[in-house]
Amino acid sequence: MSDFIANPEDIPVVVLAGGRSSRMGANKAFALLAGESLLARISSKIEQLQRKPIVLNADVDWPDAMGMQLIPDRIPGKLGPLAGVLAALQDAQLRYPEASHVATIPVDSPFFPPDLIVRLADVIHGSDEIAIAASLGQDHPVFGLWPISAAADLEQWIASDEKRRVRDFLARHKVRRVEFPAIETAIGPLDPFFNINTPADLAEAEAWLAALENMS
Ligand SMILES: Nc1nc2c(ncn2[C@@H]2O[C@H](COP(=O)(O)OP(=O)(O)OP(=O)(O)O)[C@@H](O)[C@H]2O)c(=O)[nH]1
Ligand SMILES: [Mg+2]
């Protein structure tokens, strides 16, 4: 158990959906996987794990936030996922002044591990530490716990760094990585952070989902 975060189920969660979905060709939050939208899937999965209402980071003109609080990026220009993380941190500063961290989960990754937030919280030992997920040797920083104390640094970094590479921002902070195992399925090992970027990925996700359902 974490020596710093007593109740991981109380960590506020922000679903990241502020991207362009350019490879999908249409807003991927509303793409259907076995008849249910990615947004509906991810939000009901998170609701079963966490106690606070989920916040949705997406555009101001979002068609349907499904009852979630909508927080758009405050910096215009689609500056990448960290713009969404910044919106999440700034929102939490106001909404949850007692919280030390915010969790982010992207809308396009329906197979994320249910113990994601608990395991990320386990490795946090101070109010300034970041925890990110990894699998098969690859980092997945969109699945992270972000210290609210880093909001000012992130805001200034986004405004001044030309390339805005996530790994360059991480290099400024104390980062802990948590490796998650592949999920065994009837058709082989599934990366729990498999993310749906294209129509072909969506078709592949249908096959993974069917394989997972065959196991249960
Ligand atoms: N708030 C915000 N989130 C972003 C931005 N760009 C990407 N994201 C989010 O970051 C996550 C990973 O991004 P991608 O998988 O590349 O999604 P995307 O950018 O919508 O898709 P592509 O346009 O095909 O790259 C997704 O949850 C996106 O919604 C951005 O500029 N602002
Ligand atoms: Mg993108």
# chains A, B, ... in the order shown; residues from 1 in each chain; ligands from 1
$ residues_around --residues "Leu190 of chain A" --least-positions-apart "4" --cutoff "12 Å" --atoms "only C-alpha atoms" --output "short mmCIF file (atom, residue, chain, number, x, y, z; two decimals) with N, CA and C atoms, in the first residue's frame"
data_model
loop_
_atom_site.label_atom_id
_atom_site.label_comp_id
_atom_site.auth_asym_id
_atom_site.auth_seq_id
_atom_site.Cartn_x
_atom_site.Cartn_y
_atom_site.Cartn_z
N SER A 109 -8.53 3.68 -24.86
CA SER A 109 -7.81 2.49 -24.38
C SER A 109 -8.69 1.65 -23.46
N PRO A 110 -9.65 0.92 -24.04
CA PRO A 110 -10.67 0.27 -23.22
C PRO A 110 -10.17 -0.89 -22.36
N PHE A 111 -8.96 -1.39 -22.61
CA PHE A 111 -8.49 -2.57 -21.87
C PHE A 111 -7.55 -2.22 -20.71
N PHE A 112 -7.53 -0.93 -20.31
CA PHE A 112 -6.57 -0.54 -19.27
C PHE A 112 -6.78 -1.40 -18.01
N PRO A 113 -5.70 -1.68 -17.26
CA PRO A 113 -5.82 -2.58 -16.10
C PRO A 113 -6.65 -1.96 -14.98
N SER A 135 4.20 -0.83 -20.32
CA SER A 135 3.95 -2.25 -20.61
C SER A 135 4.89 -2.65 -21.73
N LEU A 136 5.31 -3.89 -21.72
CA LEU A 136 6.19 -4.43 -22.76
C LEU A 136 7.37 -3.48 -23.02
N PHE A 180 3.07 -2.97 -16.26
CA PHE A 180 1.87 -3.82 -16.17
C PHE A 180 2.03 -4.99 -17.14
N PRO A 181 1.60 -6.20 -16.72
CA PRO A 181 1.77 -7.36 -17.58
C PRO A 181 0.75 -7.40 -18.71
N ALA A 182 1.08 -8.13 -19.77
CA ALA A 182 0.11 -8.38 -20.84
C ALA A 182 -1.03 -9.22 -20.28
N ILE A 183 -2.21 -9.08 -20.90
CA ILE A 183 -3.38 -9.88 -20.48
C ILE A 183 -3.41 -11.12 -21.37
N GLU A 184 -3.47 -12.29 -20.74
CA GLU A 184 -3.53 -13.52 -21.54
C GLU A 184 -4.94 -13.68 -22.11
N THR A 185 -5.03 -13.92 -23.41
CA THR A 185 -6.34 -14.14 -24.02
C THR A 185 -6.26 -15.39 -24.91
N ALA A 186 -7.43 -15.81 -25.39
CA ALA A 186 -7.49 -17.00 -26.24
C ALA A 186 -6.71 -16.81 -27.54
N PHE A 194 -3.30 -1.16 -25.15
CA PHE A 194 -3.65 -1.12 -26.58
C PHE A 194 -4.57 0.07 -26.81
N ASN A 195 -4.21 0.95 -27.74
CA ASN A 195 -5.07 2.12 -27.95
C ASN A 195 -5.54 2.20 -29.38
N GLU A 204 -9.47 -4.46 -34.68
CA GLU A 204 -8.63 -5.35 -33.86
C GLU A 204 -9.15 -5.41 -32.42
N ALA A 205 -9.61 -4.26 -31.91
CA ALA A 205 -10.14 -4.22 -30.54
C ALA A 205 -11.38 -5.12 -30.42
N ALA A 207 -11.83 -7.90 -31.93
CA ALA A 207 -11.32 -9.27 -31.82
C ALA A 207 -10.77 -9.53 -30.41
N TRP A 208 -10.04 -8.55 -29.85
CA TRP A 208 -9.51 -8.71 -28.49
C TRP A 208 -10.65 -8.83 -27.48
N LEU A 209 -11.68 -8.00 -27.66
CA LEU A 209 -12.80 -8.02 -26.73
C LEU A 209 -13.50 -9.38 -26.77
N ALA A 211 -12.17 -12.17 -27.63
CA ALA A 211 -11.26 -13.17 -27.03
C ALA A 211 -11.32 -13.09 -25.51
N LEU A 212 -11.39 -11.88 -24.97
CA LEU A 212 -11.47 -11.72 -23.52
C LEU A 212 -12.78 -12.28 -22.99
#
$ select_by_dssp --residues "chain A" --states "strand (DSSP E)" --output "number ranges by chain"
A: 13-16, 32-33, 36-37, 55-57, 69-70, 101-106, 129-135, 138-147, 174-180, 183-185, 188-190
$ write_last_selection --atoms "C-alpha atoms" --output "PDB file, in the first residue's frame"
ATOM      1  CA  VAL A  13      -9.778  11.038 -12.693  1.00  0.00           C
ATOM      2  CA  VAL A  14      -9.768  12.979 -15.936  1.00  0.00           C
ATOM      3  CA  VAL A  15     -10.542  11.207 -19.209  1.00  0.00           C
ATOM      4  CA  LEU A  16      -8.378  12.639 -21.987  1.00  0.00           C
ATOM      5  CA  LEU A  32     -18.567   1.911 -31.217  1.00  0.00           C
ATOM      6  CA  LEU A  33     -16.851  -1.159 -29.801  1.00  0.00           C
ATOM      7  CA  GLU A  36     -20.932   0.743 -26.991  1.00  0.00           C
ATOM      8  CA  SER A  37     -18.996   3.973 -27.455  1.00  0.00           C
ATOM      9  CA  VAL A  55     -14.099  14.839 -15.461  1.00  0.00           C
ATOM     10  CA  LEU A  56     -13.843  14.903 -19.263  1.00  0.00           C
ATOM     11  CA  ASN A  57     -11.098  16.868 -20.995  1.00  0.00           C
ATOM     12  CA  GLN A  69     -18.061  17.732 -16.121  1.00  0.00           C
ATOM     13  CA  LEU A  70     -16.382  19.041 -19.290  1.00  0.00           C
ATOM     14  CA  HIS A 101      -2.609  14.141  -7.554  1.00  0.00           C
ATOM     15  CA  VAL A 102      -4.920  13.730 -10.533  1.00  0.00           C
ATOM     16  CA  ALA A 103      -5.119  10.565 -12.643  1.00  0.00           C
ATOM     17  CA  THR A 104      -5.420  10.672 -16.430  1.00  0.00           C
ATOM     18  CA  ILE A 105      -6.785   7.935 -18.672  1.00  0.00           C
ATOM     19  CA  PRO A 106      -7.209   8.350 -22.444  1.00  0.00           C
ATOM     20  CA  GLU A 129       6.154  12.832  -7.819  1.00  0.00           C
ATOM     21  CA  ILE A 130       4.710  11.654 -11.136  1.00  0.00           C
ATOM     22  CA  ALA A 131       3.788   8.014 -11.745  1.00  0.00           C
ATOM     23  CA  ILE A 132       3.272   6.670 -15.270  1.00  0.00           C
ATOM     24  CA  ALA A 133       2.274   3.296 -16.656  1.00  0.00           C
ATOM     25  CA  ALA A 134       4.439   1.072 -18.850  1.00  0.00           C
ATOM     26  CA  SER A 135       3.955  -2.249 -20.609  1.00  0.00           C
ATOM     27  CA  GLN A 138       7.182   1.018 -23.375  1.00  0.00           C
ATOM     28  CA  ASP A 139       6.059   4.050 -21.394  1.00  0.00           C
ATOM     29  CA  HIS A 140       2.438   5.201 -21.597  1.00  0.00           C
ATOM     30  CA  PRO A 141       2.501   8.599 -19.933  1.00  0.00           C
ATOM     31  CA  VAL A 142      -1.121   9.411 -20.843  1.00  0.00           C
ATOM     32  CA  PHE A 143      -1.911   6.902 -18.069  1.00  0.00           C
ATOM     33  CA  GLY A 144      -0.470   8.790 -15.152  1.00  0.00           C
ATOM     34  CA  LEU A 145      -0.758  10.287 -11.732  1.00  0.00           C
ATOM     35  CA  TRP A 146       0.172  13.956 -11.929  1.00  0.00           C
ATOM     36  CA  PRO A 147       1.051  16.138  -8.945  1.00  0.00           C
ATOM     37  CA  LYS A 174      10.740  12.791 -10.327  1.00  0.00           C
ATOM     38  CA  VAL A 175       8.976  10.057 -12.298  1.00  0.00           C
ATOM     39  CA  ARG A 176       8.153   6.539 -11.185  1.00  0.00           C
ATOM     40  CA  ARG A 177       7.218   3.904 -13.740  1.00  0.00           C
ATOM     41  CA  VAL A 178       4.955   0.954 -13.104  1.00  0.00           C
ATOM     42  CA  GLU A 179       5.153  -1.996 -15.502  1.00  0.00           C
ATOM     43  CA  PHE A 180       1.870  -3.825 -16.165  1.00  0.00           C
ATOM     44  CA  ILE A 183      -3.379  -9.878 -20.482  1.00  0.00           C
ATOM     45  CA  GLU A 184      -3.533 -13.522 -21.541  1.00  0.00           C
ATOM     46  CA  THR A 185      -6.344 -14.141 -24.024  1.00  0.00           C
ATOM     47  CA  GLY A 188      -2.547 -14.380 -27.471  1.00  0.00           C
ATOM     48  CA  PRO A 189      -1.204 -11.738 -25.101  1.00  0.00           C
ATOM     49  CA  LEU A 190      -2.952  -8.359 -25.158  1.00  0.00           C
TER      50      LEU A 190
END
$ closest_atom_pairs --of "chain A" --to "ligand 1" --cutoff "10 Å" --atoms "only C-alpha atoms and all ligand atoms" --output "Markdown table"
| residue | atom | partner | partner_atom_place_in_ligand_line | distance |
| --- | --- | --- | --- | --- |
| A:Val15 | CA | ligand 1 | 27 (O) | 7.3 |
| A:Leu16 | CA | ligand 1 | 27 (O) | 4.3 |
| A:Ala17 | CA | ligand 1 | 29 (O) | 3.3 |
| A:Gly18 | CA | ligand 1 | 3 (N) | 3.5 |
| A:Gly19 | CA | ligand 1 | 20 (O) | 3.2 |
| A:Arg20 | CA | ligand 1 | 20 (O) | 4.0 |
| A:Ser21 | CA | ligand 1 | 20 (O) | 3.5 |
| A:Ser22 | CA | ligand 1 | 23 (O) | 3.6 |
| A:Arg23 | CA | ligand 1 | 24 (O) | 3.7 |
| A:Met24 | CA | ligand 1 | 24 (O) | 5.9 |
| A:Gly25 | CA | ligand 1 | 24 (O) | 7.8 |
| A:Ala26 | CA | ligand 1 | 20 (O) | 9.3 |
| A:Asn27 | CA | ligand 1 | 20 (O) | 7.5 |
| A:Lys28 | CA | ligand 1 | 20 (O) | 7.2 |
| A:Ala29 | CA | ligand 1 | 29 (O) | 8.3 |
| A:Leu56 | CA | ligand 1 | 1 (N) | 9.5 |
| A:Asn57 | CA | ligand 1 | 1 (N) | 5.8 |
| A:Ala58 | CA | ligand 1 | 1 (N) | 6.0 |
| A:Asp59 | CA | ligand 1 | 1 (N) | 7.7 |
| A:Ile71 | CA | ligand 1 | 1 (N) | 8.9 |
| A:Pro72 | CA | ligand 1 | 1 (N) | 6.9 |
| A:Asp73 | CA | ligand 1 | 1 (N) | 5.4 |
| A:Arg74 | CA | ligand 1 | 1 (N) | 8.9 |
| A:Ile75 | CA | ligand 1 | 32 (N) | 8.8 |
| A:Pro76 | CA | ligand 1 | 31 (O) | 8.3 |
| A:Gly77 | CA | ligand 1 | 31 (O) | 6.8 |
| A:Lys78 | CA | ligand 1 | 31 (O) | 3.1 |
| A:Leu79 | CA | ligand 1 | 31 (O) | 4.2 |
| A:Gly80 | CA | ligand 1 | 31 (O) | 3.4 |
| A:Pro81 | CA | ligand 1 | 4 (C) | 3.8 |
| A:Leu82 | CA | ligand 1 | 2 (C) | 6.8 |
| A:Ala83 | CA | ligand 1 | 1 (N) | 5.1 |
| A:Gly84 | CA | ligand 1 | 1 (N) | 3.3 |
| A:Val85 | CA | ligand 1 | 1 (N) | 7.0 |
| A:Leu86 | CA | ligand 1 | 1 (N) | 8.4 |
| A:Ala87 | CA | ligand 1 | 1 (N) | 7.4 |
| A:Ala88 | CA | ligand 1 | 1 (N) | 9.0 |
| A:Thr104 | CA | ligand 1 | 27 (O) | 9.0 |
| A:Ile105 | CA | ligand 1 | 27 (O) | 7.2 |
| A:Pro106 | CA | ligand 1 | 27 (O) | 3.8 |
| A:Val107 | CA | ligand 1 | 27 (O) | 5.1 |
| A:Asp108 | CA | ligand 1 | 27 (O) | 6.1 |
| A:Ser109 | CA | ligand 1 | 27 (O) | 8.3 |
| A:His140 | CA | ligand 1 | 12 (C) | 9.6 |
| A:Pro141 | CA | ligand 1 | 12 (C) | 9.5 |
| A:Val142 | CA | ligand 1 | 11 (C) | 6.4 |
| A:Phe143 | CA | ligand 1 | 11 (C) | 9.3 |
| A:Asn195 | CA | ligand 1 | 15 (O) | 6.9 |
| A:Ile196 | CA | ligand 1 | 15 (O) | 7.1 |
| A:Asn197 | CA | ligand 1 | 24 (O) | 5.5 |
| A:Thr198 | CA | ligand 1 | 24 (O) | 7.2 |
$ write_last_selection --atoms "C-alpha atoms" --output "PDB file, in the first residue's frame"
ATOM      1  CA  VAL A  15     -10.542  11.207 -19.209  1.00  0.00           C
ATOM      2  CA  LEU A  16      -8.378  12.639 -21.987  1.00  0.00           C
ATOM      3  CA  ALA A  17     -10.362  13.147 -25.174  1.00  0.00           C
ATOM      4  CA  GLY A  18      -9.055  16.480 -26.428  1.00  0.00           C
ATOM      5  CA  GLY A  19      -7.195  15.183 -29.474  1.00  0.00           C
ATOM      6  CA  ARG A  20      -8.123  15.503 -33.134  1.00  0.00           C
ATOM      7  CA  SER A  21      -8.898  11.819 -33.863  1.00  0.00           C
ATOM      8  CA  SER A  22      -7.275  12.512 -37.219  1.00  0.00           C
ATOM      9  CA  ARG A  23      -6.244   8.906 -37.845  1.00  0.00           C
ATOM     10  CA  MET A  24      -9.754   7.674 -37.000  1.00  0.00           C
ATOM     11  CA  GLY A  25     -11.369  10.270 -39.250  1.00  0.00           C
ATOM     12  CA  ALA A  26     -14.191  10.940 -36.753  1.00  0.00           C
ATOM     13  CA  ASN A  27     -14.283  11.625 -33.011  1.00  0.00           C
ATOM     14  CA  LYS A  28     -13.041   8.331 -31.606  1.00  0.00           C
ATOM     15  CA  ALA A  29     -14.769   8.830 -28.247  1.00  0.00           C
ATOM     16  CA  LEU A  56     -13.843  14.903 -19.263  1.00  0.00           C
ATOM     17  CA  ASN A  57     -11.098  16.868 -20.995  1.00  0.00           C
ATOM     18  CA  ALA A  58     -12.416  17.661 -24.455  1.00  0.00           C
ATOM     19  CA  ASP A  59     -13.318  20.550 -26.746  1.00  0.00           C
ATOM     20  CA  ILE A  71     -13.047  20.811 -18.972  1.00  0.00           C
ATOM     21  CA  PRO A  72     -11.625  22.102 -22.252  1.00  0.00           C
ATOM     22  CA  ASP A  73      -7.931  22.905 -22.750  1.00  0.00           C
ATOM     23  CA  ARG A  74      -7.248  26.429 -21.512  1.00  0.00           C
ATOM     24  CA  ILE A  75      -4.460  26.858 -24.037  1.00  0.00           C
ATOM     25  CA  PRO A  76      -5.778  26.786 -27.598  1.00  0.00           C
ATOM     26  CA  GLY A  77      -4.041  25.092 -30.522  1.00  0.00           C
ATOM     27  CA  LYS A  78      -4.229  21.353 -29.752  1.00  0.00           C
ATOM     28  CA  LEU A  79      -0.842  21.329 -28.094  1.00  0.00           C
ATOM     29  CA  GLY A  80      -0.980  17.654 -27.227  1.00  0.00           C
ATOM     30  CA  PRO A  81      -1.985  15.447 -24.295  1.00  0.00           C
ATOM     31  CA  LEU A  82      -0.052  17.540 -21.769  1.00  0.00           C
ATOM     32  CA  ALA A  83      -2.411  20.431 -22.523  1.00  0.00           C
ATOM     33  CA  GLY A  84      -5.137  18.094 -21.290  1.00  0.00           C
ATOM     34  CA  VAL A  85      -3.087  17.183 -18.218  1.00  0.00           C
ATOM     35  CA  LEU A  86      -2.674  20.906 -17.482  1.00  0.00           C
ATOM     36  CA  ALA A  87      -6.425  21.479 -17.768  1.00  0.00           C
ATOM     37  CA  ALA A  88      -6.909  18.542 -15.381  1.00  0.00           C
ATOM     38  CA  THR A 104      -5.420  10.672 -16.430  1.00  0.00           C
ATOM     39  CA  ILE A 105      -6.785   7.935 -18.672  1.00  0.00           C
ATOM     40  CA  PRO A 106      -7.209   8.350 -22.444  1.00  0.00           C
ATOM     41  CA  VAL A 107     -10.616   7.648 -23.953  1.00  0.00           C
ATOM     42  CA  ASP A 108      -9.214   5.281 -26.585  1.00  0.00           C
ATOM     43  CA  SER A 109      -7.807   2.486 -24.380  1.00  0.00           C
ATOM     44  CA  HIS A 140       2.438   5.201 -21.597  1.00  0.00           C
ATOM     45  CA  PRO A 141       2.501   8.599 -19.933  1.00  0.00           C
ATOM     46  CA  VAL A 142      -1.121   9.411 -20.843  1.00  0.00           C
ATOM     47  CA  PHE A 143      -1.911   6.902 -18.069  1.00  0.00           C
ATOM     48  CA  ASN A 195      -5.072   2.122 -27.953  1.00  0.00           C
ATOM     49  CA  ILE A 196      -7.464   2.688 -30.771  1.00  0.00           C
ATOM     50  CA  ASN A 197      -6.188   5.214 -33.295  1.00  0.00           C
ATOM     51  CA  THR A 198      -7.499   3.961 -36.643  1.00  0.00           C
TER      52      THR A 198
END
$ atom_distance --atom1 "atom CA of Ile117 of chain A" --atom2 "atom CA of Pro8 of chain A"
6.5 Å
$ atom_distance --atom1 "atom CA of Glu155 of chain A" --atom2 "atom CA of Gly126 of chain A"
20.8 Å
$ select_by_dssp --residues "segment 114-198 of chain A" --states "helix (DSSP H, G or I)" --output "PyMOL selection string"
chain A and resi 116-122+148-160+166-170
